[in-house]
Structures are given as C-alpha cells and as structure tokens.
Amino acid sequence: MSSAILLRPATCASAITTTAATIVSAKTTFSGLLAAPGFHRNRTCTTICCSMDGGGAMPAAHIGGFLSKKRYDPPLWASHLRPVPSHAFSLGHLPTPIHRWNLPNLPEDTELWIKRDDLSGMQLSGNKVRKLEFLMADAVASGADCVITVGGIQSNHCRATAVAARYLNLDCYLILRTSKVLADRDPGLIGNLLVERLVGAHIDLVSKEEYAKIGSVTLADLLKKKLMDQGRKPYVIPVGGSNSLGTWGYIEAIREVEQQIHNSCSEFQFDDIVVACGSGGTIAGLSLGSRLSSLKAKVHAFSVCDDPTYFYNFVQGLIDGLEAGFDSHDIIDIQDAKGLGYAMNTAEELQFVKDVAAATGVVLDPVYSGKAAYGMLRDMTANPTKWKKRKVLFIHTGGLLGLYDKVEQMTSLVGNWQKLEIEESIPRKDGTGKMF
C-alpha cells in the first residue's frame with residue numbers, strides 16, 4: 001500500500017450559493033480600494049460586483065469554496081445526535097493529508113501514521129479551524145457583530161478565532177491569560193500575538209491568579225455585558241472552541257478520515273487514534289465519531305493541562321449535550337502528559353521536538369502535539385505489547401507559532417551553523433553575485 005492516503009474532497013455538505021466572493025475580507029479601510037466603484041460591503045462578507053451594460057450591478061460568481069457558507073448535512077451515523085448544526089463556514093483547507101510517520105524506536109510491527117491538521121491553513125492552521133467552522137456560522141446566524149474568546153497568552157485558538165472573525169468582518173475580543181508581573185505590560189509580538197495584533201484583535205490581559213479565581217466563563221460574561229452596554233452584539237466562544245457545537249468539527253473529521261481510507265481503495269483500518277487534549281472538544285468529537293462510524297478506532301488522548309478526571313467529566317458533558325448516550329470512560333483513554341504544566345516544557349520534551357523534526361521533517365509544537373507524541377512514545381516504550389502490530393493514527397493539531405515562544409530554551413539545541421569558509425584563492429569580482 002502507498003505510504004500516503006490521497007483523496008478527493010469528501011462530499012459531506014452541499015454548498016449554498018451566496019453573494020459573497022471570497023477574495024477580499026479584511027475590514028481595514030484601504031485608501032481607494034473600498035471606495036472604488038463596484039465594491040460593496042455588508043456585515044459578514046464581501047461582494048465584488050460587475051457593472052452591466054444597463055448601469056446596474058450583479059454579484060460575481062463565487063470563486064471556490066473558501067469562506068463560503070454551506071448547509072451542513074451530518075454523516076448518517078451521526079444524524080441521530082441533537083442538536084445538529086444547520087450551517088458551517090468553509091474556513092480550513094480540507095481534507096488534510098495522512099501519511100506514514102516513521103518515528104524511530106516504535107514497538108515491533110507498530111505502524112504509525114499522521115494526519116496533518118497542522119496543514120489546515122497558515123493563519124488558521126490547526127484543530128481549532130474545524131470547530132470554528134461551526135461556531136462562526138452560529139455567531140453570524142445569531143446576528144453578532146463581534147466575538148469574544150479566552151485563552152493563554154500564546155493561544156492557538158485565540159489566534160485562529162481572531163483571523164476567522166476578521167475574514168467574516170466581525171470584531172474579535174481576546175481575554176489572554178498571562179503572568180501577574182506581565183498583566184499590565186505590552187504583551188509583545190511573539191508567535192500568535194503577532195498575528196492577533198496584525199488582524200486587529202482587541203486584547204485584554206488577565207493574570208493567571210485572577211483567572212484561576214474568577215474563571216473563563218465569568219470573565220467572558222463580564223466583557224460581553226460591557227460590550228452590550230456599548231450597543232454591540234457579542235457572541236462568546238468558549239476556551240478552545242470546546243462546546244457541543246464545536247464538537248461537530250471532529251465528528252466531521254472522522255467522516256473525512258473514512259473518506260480518505262475509502263478513496264485509497266484499500267481494506268486499511270486504523271486500530272488507534274492518538275491526539276493531544278487541551279480543552280476537550282477535539283477528543284469528544286474524535287471519540288464519538290470513531291465509535292459511531294465504521295472506523296471503530298480506540299482514541300487515546302494525552303492531556304496537556306488539568307488531569308484525566310477533569311477531562312473525562314468535561315467530555316461527558318459534551319457527549320450529553322449531543323444526546324449521544326455514551327460514557328466517556330468507554331470511548332476514550334486519557335493519560336496525563338502535562339509535565340511541568342500547561343505551555344511549560346522540560347529540556348527532554350524540547351529535545352524530543354527537535355529530534356523528531358530532524359528525523360522525520362515533521363515539526364511538532366511544544367504545547368500540544370509535542371507533549372502528546374512524547375507521551376505516546378513513552379507509553380509505547382513502557383508497554384510495547386499494548387501497541388504491537390497496531391496501526392496508529394496520530395492527529396497533529398498544529399500550533400507551530402508556539403515554538404517562537406520557546407526560542408531561548410531551544411537555542412542550544414539547534415546550534416548547527418557556521419560561517420562559510422572561502423579560500424583567498426577563489427576569484428572575486430564586484431557584481432558577480434546577484435542579490436535576489
């Protein structure tokens with residue numbers, strides 16, 4: 001069998017024709033462009049119009065599916081879940097590829113594959129995109145003119161939400177958790193913060209201590225009330241986009257995997273799925289989808305914050321919210337992989353990220369997939385018979401920008417550079433080398 005599973009896009013949802021062309025979507029007013037004849041803006045999308053002979057205008061044809069709103073039809077095996085979302089935006093570059101991942105030191109006959117959800121986009125990369133496709137559609141349908149969400153100072157979810165909101169011409173308000181000594185300082189432009197600030201997100205900082213005492217729900221509600229008092233119409237997206245609606249993102253991802261296997265014209269079947277767990281929505285969708293679909297792979301989650309008990313309970317709430325009728329303990333195995341704590345790394349974990357990149361070309365983020373893969377390999381080493389002859393699919397959930405927050409810690413690990421030595425005897429002539 002080929003070491004890559006290629007596929008055509010799954011026909012999981014029928015596109016709805018809209019008047020929105022998806023070429024321009026930034027809200028910032030550029031001199032001349034937004035004032036040009038034939039360019040009109042509404043609240044949630046951009047329409048490019050073409051002049052007609054009679055002086056009127058007609059919307060241009062929709063070019064491609066990106067940023068389009070589409071009616072959502074669930075997989076047959078999930079159609080009994082309630083509630084079923086009615087629509088979704090196309091925000092990710094899907095389907096994401098699956099290929100063999102030849103990590104060294106795997107147990108005997110263990111076959112490891114990787115699904116590259118880190119390639120679901122650049123600004124909108126990672127697992128959060130799949131959840132936001134449903135959440136942003138609900139925000140627009142509710143009449144919102146802005147969204148609020150909460151996360152850590154280098155939250156991939158917050159960055160993805162900020163970009164998605166700007167694409168759809170919504171303002172974005174981010175409540176970012178940071179250390180007490182930094183809560184009243186400019187947060188800088190490292191990693192995800194740079195993208196968030198470039199797209200115009202409004203950032204409010206809160207100390208970890210205050211966050212721990214007040215909680216994300218109350219903080220978001222306080223900001224929501226403030227914005228409503230100003231006449232705004234905010235829509236709150238929970239931490240990580242993890243609620244029952246966001247869970248559909250990874251129920252749909254399981255259908256995508258099914259379609260990829262089908263299109264490979266093979267009897268191939270995965271035995272296990274491995275993924276990082278940070279807020280719970282991704283693992284809820286994967287475990288539900290895998291159990292309900294033909295996949296039936298066992299889902300293993302490696303938590304990068306809190307503890308397995310918390311996530312079993314949280315996922316149970318998401319499952320119950322969809323009236324699925326399962327016990328979370330029966331459909332998912334959760335192990336603790338947080339190490340020193342959320343977004344904190346040991347030297348061994350960072351060395352692992354570097355070694356994996358050097359050995360396979362796959363760059364893992366240090367906060368989520370890096371810790372999950374590290375935990376997976378440790379478990380495989382400690383329990384080789386558990387994984388022997390298994391076909392394992394690892395879900396790379398993205399987060400590459402988080403590496404920029406680890407530059408100082410990783411500098412000593414990647415010191416492979418030197419000045420090129422050029423002998424004096426080599427002929428030199430000004431203008432020979434073109435500075436492209």
# chains A, B, ... in the order shown; residues from 1 in each chain; ligands from 1
call {"tool": "select_by_dssp", "arguments": {"residues": "range 107-287 of chain A", "states": "alpha helix (DSSP H)", "output": "PyMOL selection string"}}
result
chain A and resi 128-141+156-167+192-198+208-214+216-229+244-263+281-287
call {"tool": "residues_around", "arguments": {"residues": "Gln269 in chain A", "least_positions_apart": "4", "cutoff": "9 Å", "atoms": "only C-alpha atoms", "output": "list in words"}}
result
Ile261, Leu295, Lys296, Ala297 and Lys391 of chain A
call {"tool": "residues_around", "arguments": {"residues": "range 355-363 of chain A", "least_positions_apart": "5", "cutoff": "8 Å", "atoms": "only C-alpha atoms", "output": "PyMOL selection string"}}
result
chain A and resi 101-104+400
call {"tool": "write_last_selection", "arguments": {"atoms": "all heavy atoms", "output": "short mmCIF file (atom, residue, chain, number, x, y, z; two decimals), in the first residue's frame"}}
result
data_model
loop_
_atom_site.label_atom_id
_atom_site.label_comp_id
_atom_site.auth_asym_id
_atom_site.auth_seq_id
_atom_site.Cartn_x
_atom_site.Cartn_y
_atom_site.Cartn_z
N TRP A 101 4.43 7.96 9.22
CA TRP A 101 5.30 8.76 10.08
C TRP A 101 6.30 7.81 10.72
O TRP A 101 5.99 7.10 11.66
CB TRP A 101 4.48 9.48 11.13
CG TRP A 101 5.22 10.57 11.85
CD1 TRP A 101 6.29 11.27 11.43
CD2 TRP A 101 4.87 11.10 13.14
NE1 TRP A 101 6.66 12.20 12.36
CE2 TRP A 101 5.80 12.12 13.41
CE3 TRP A 101 3.87 10.82 14.07
CZ2 TRP A 101 5.76 12.87 14.60
CZ3 TRP A 101 3.83 11.55 15.24
CH2 TRP A 101 4.76 12.57 15.50
N ASN A 102 7.49 7.80 10.19
CA ASN A 102 8.50 6.80 10.60
C ASN A 102 9.32 7.28 11.79
O ASN A 102 10.53 7.50 11.70
CB ASN A 102 9.40 6.48 9.40
CG ASN A 102 8.63 5.82 8.28
OD1 ASN A 102 7.83 4.92 8.51
ND2 ASN A 102 8.85 6.27 7.05
N LEU A 103 8.64 7.40 12.90
CA LEU A 103 9.36 7.73 14.14
C LEU A 103 10.27 6.56 14.52
O LEU A 103 9.87 5.39 14.39
CB LEU A 103 8.39 7.98 15.28
CG LEU A 103 7.67 9.33 15.35
CD1 LEU A 103 6.82 9.40 16.60
CD2 LEU A 103 8.66 10.48 15.34
N PRO A 104 11.45 6.85 15.00
CA PRO A 104 12.33 5.76 15.44
C PRO A 104 11.85 5.13 16.74
O PRO A 104 11.07 5.72 17.49
CB PRO A 104 13.68 6.47 15.64
CG PRO A 104 13.36 7.91 15.81
CD PRO A 104 12.09 8.17 15.07
N LEU A 400 2.31 25.60 15.41
CA LEU A 400 3.72 25.87 15.10
C LEU A 400 4.18 27.22 15.64
O LEU A 400 5.33 27.36 16.08
CB LEU A 400 3.94 25.81 13.59
CG LEU A 400 5.36 26.04 13.08
CD1 LEU A 400 6.30 24.97 13.63
CD2 LEU A 400 5.40 26.02 11.55
#
call {"tool": "closest_residue", "arguments": {"among": "A:Ala284, A:Ala137, A:Leu377, A:Leu350", "to": "Ala324 in chain A", "atoms": "only C-alpha atoms"}}
result
A:Ala284
call {"tool": "closest_residue", "arguments": {"among": "A:Ile426, A:Leu364, A:Val195, A:Leu393", "to": "Phe268 in chain A", "atoms": "only C-alpha atoms"}}
result
A:Leu393
call {"tool": "residues_around", "arguments": {"residues": "Leu245 in chain A", "least_positions_apart": "6", "cutoff": "9 Å", "atoms": "only C-alpha atoms", "output": "MDAnalysis selection string"}}
result
chainID A and resid 83:85 131 134:135 138 318 321:322
call {"tool": "residues_around", "arguments": {"residues": "Ile175 in chain A", "least_positions_apart": "6", "cutoff": "8 Å", "atoms": "only C-alpha atoms", "output": "number ranges by chain"}}
result
A: 148-151, 203-206, 219-220
call {"tool": "atom_distance", "arguments": {"atom1": "CA of Ala301 in chain A", "atom2": "CA of Pro74 in chain A"}}
result
24.3 Å
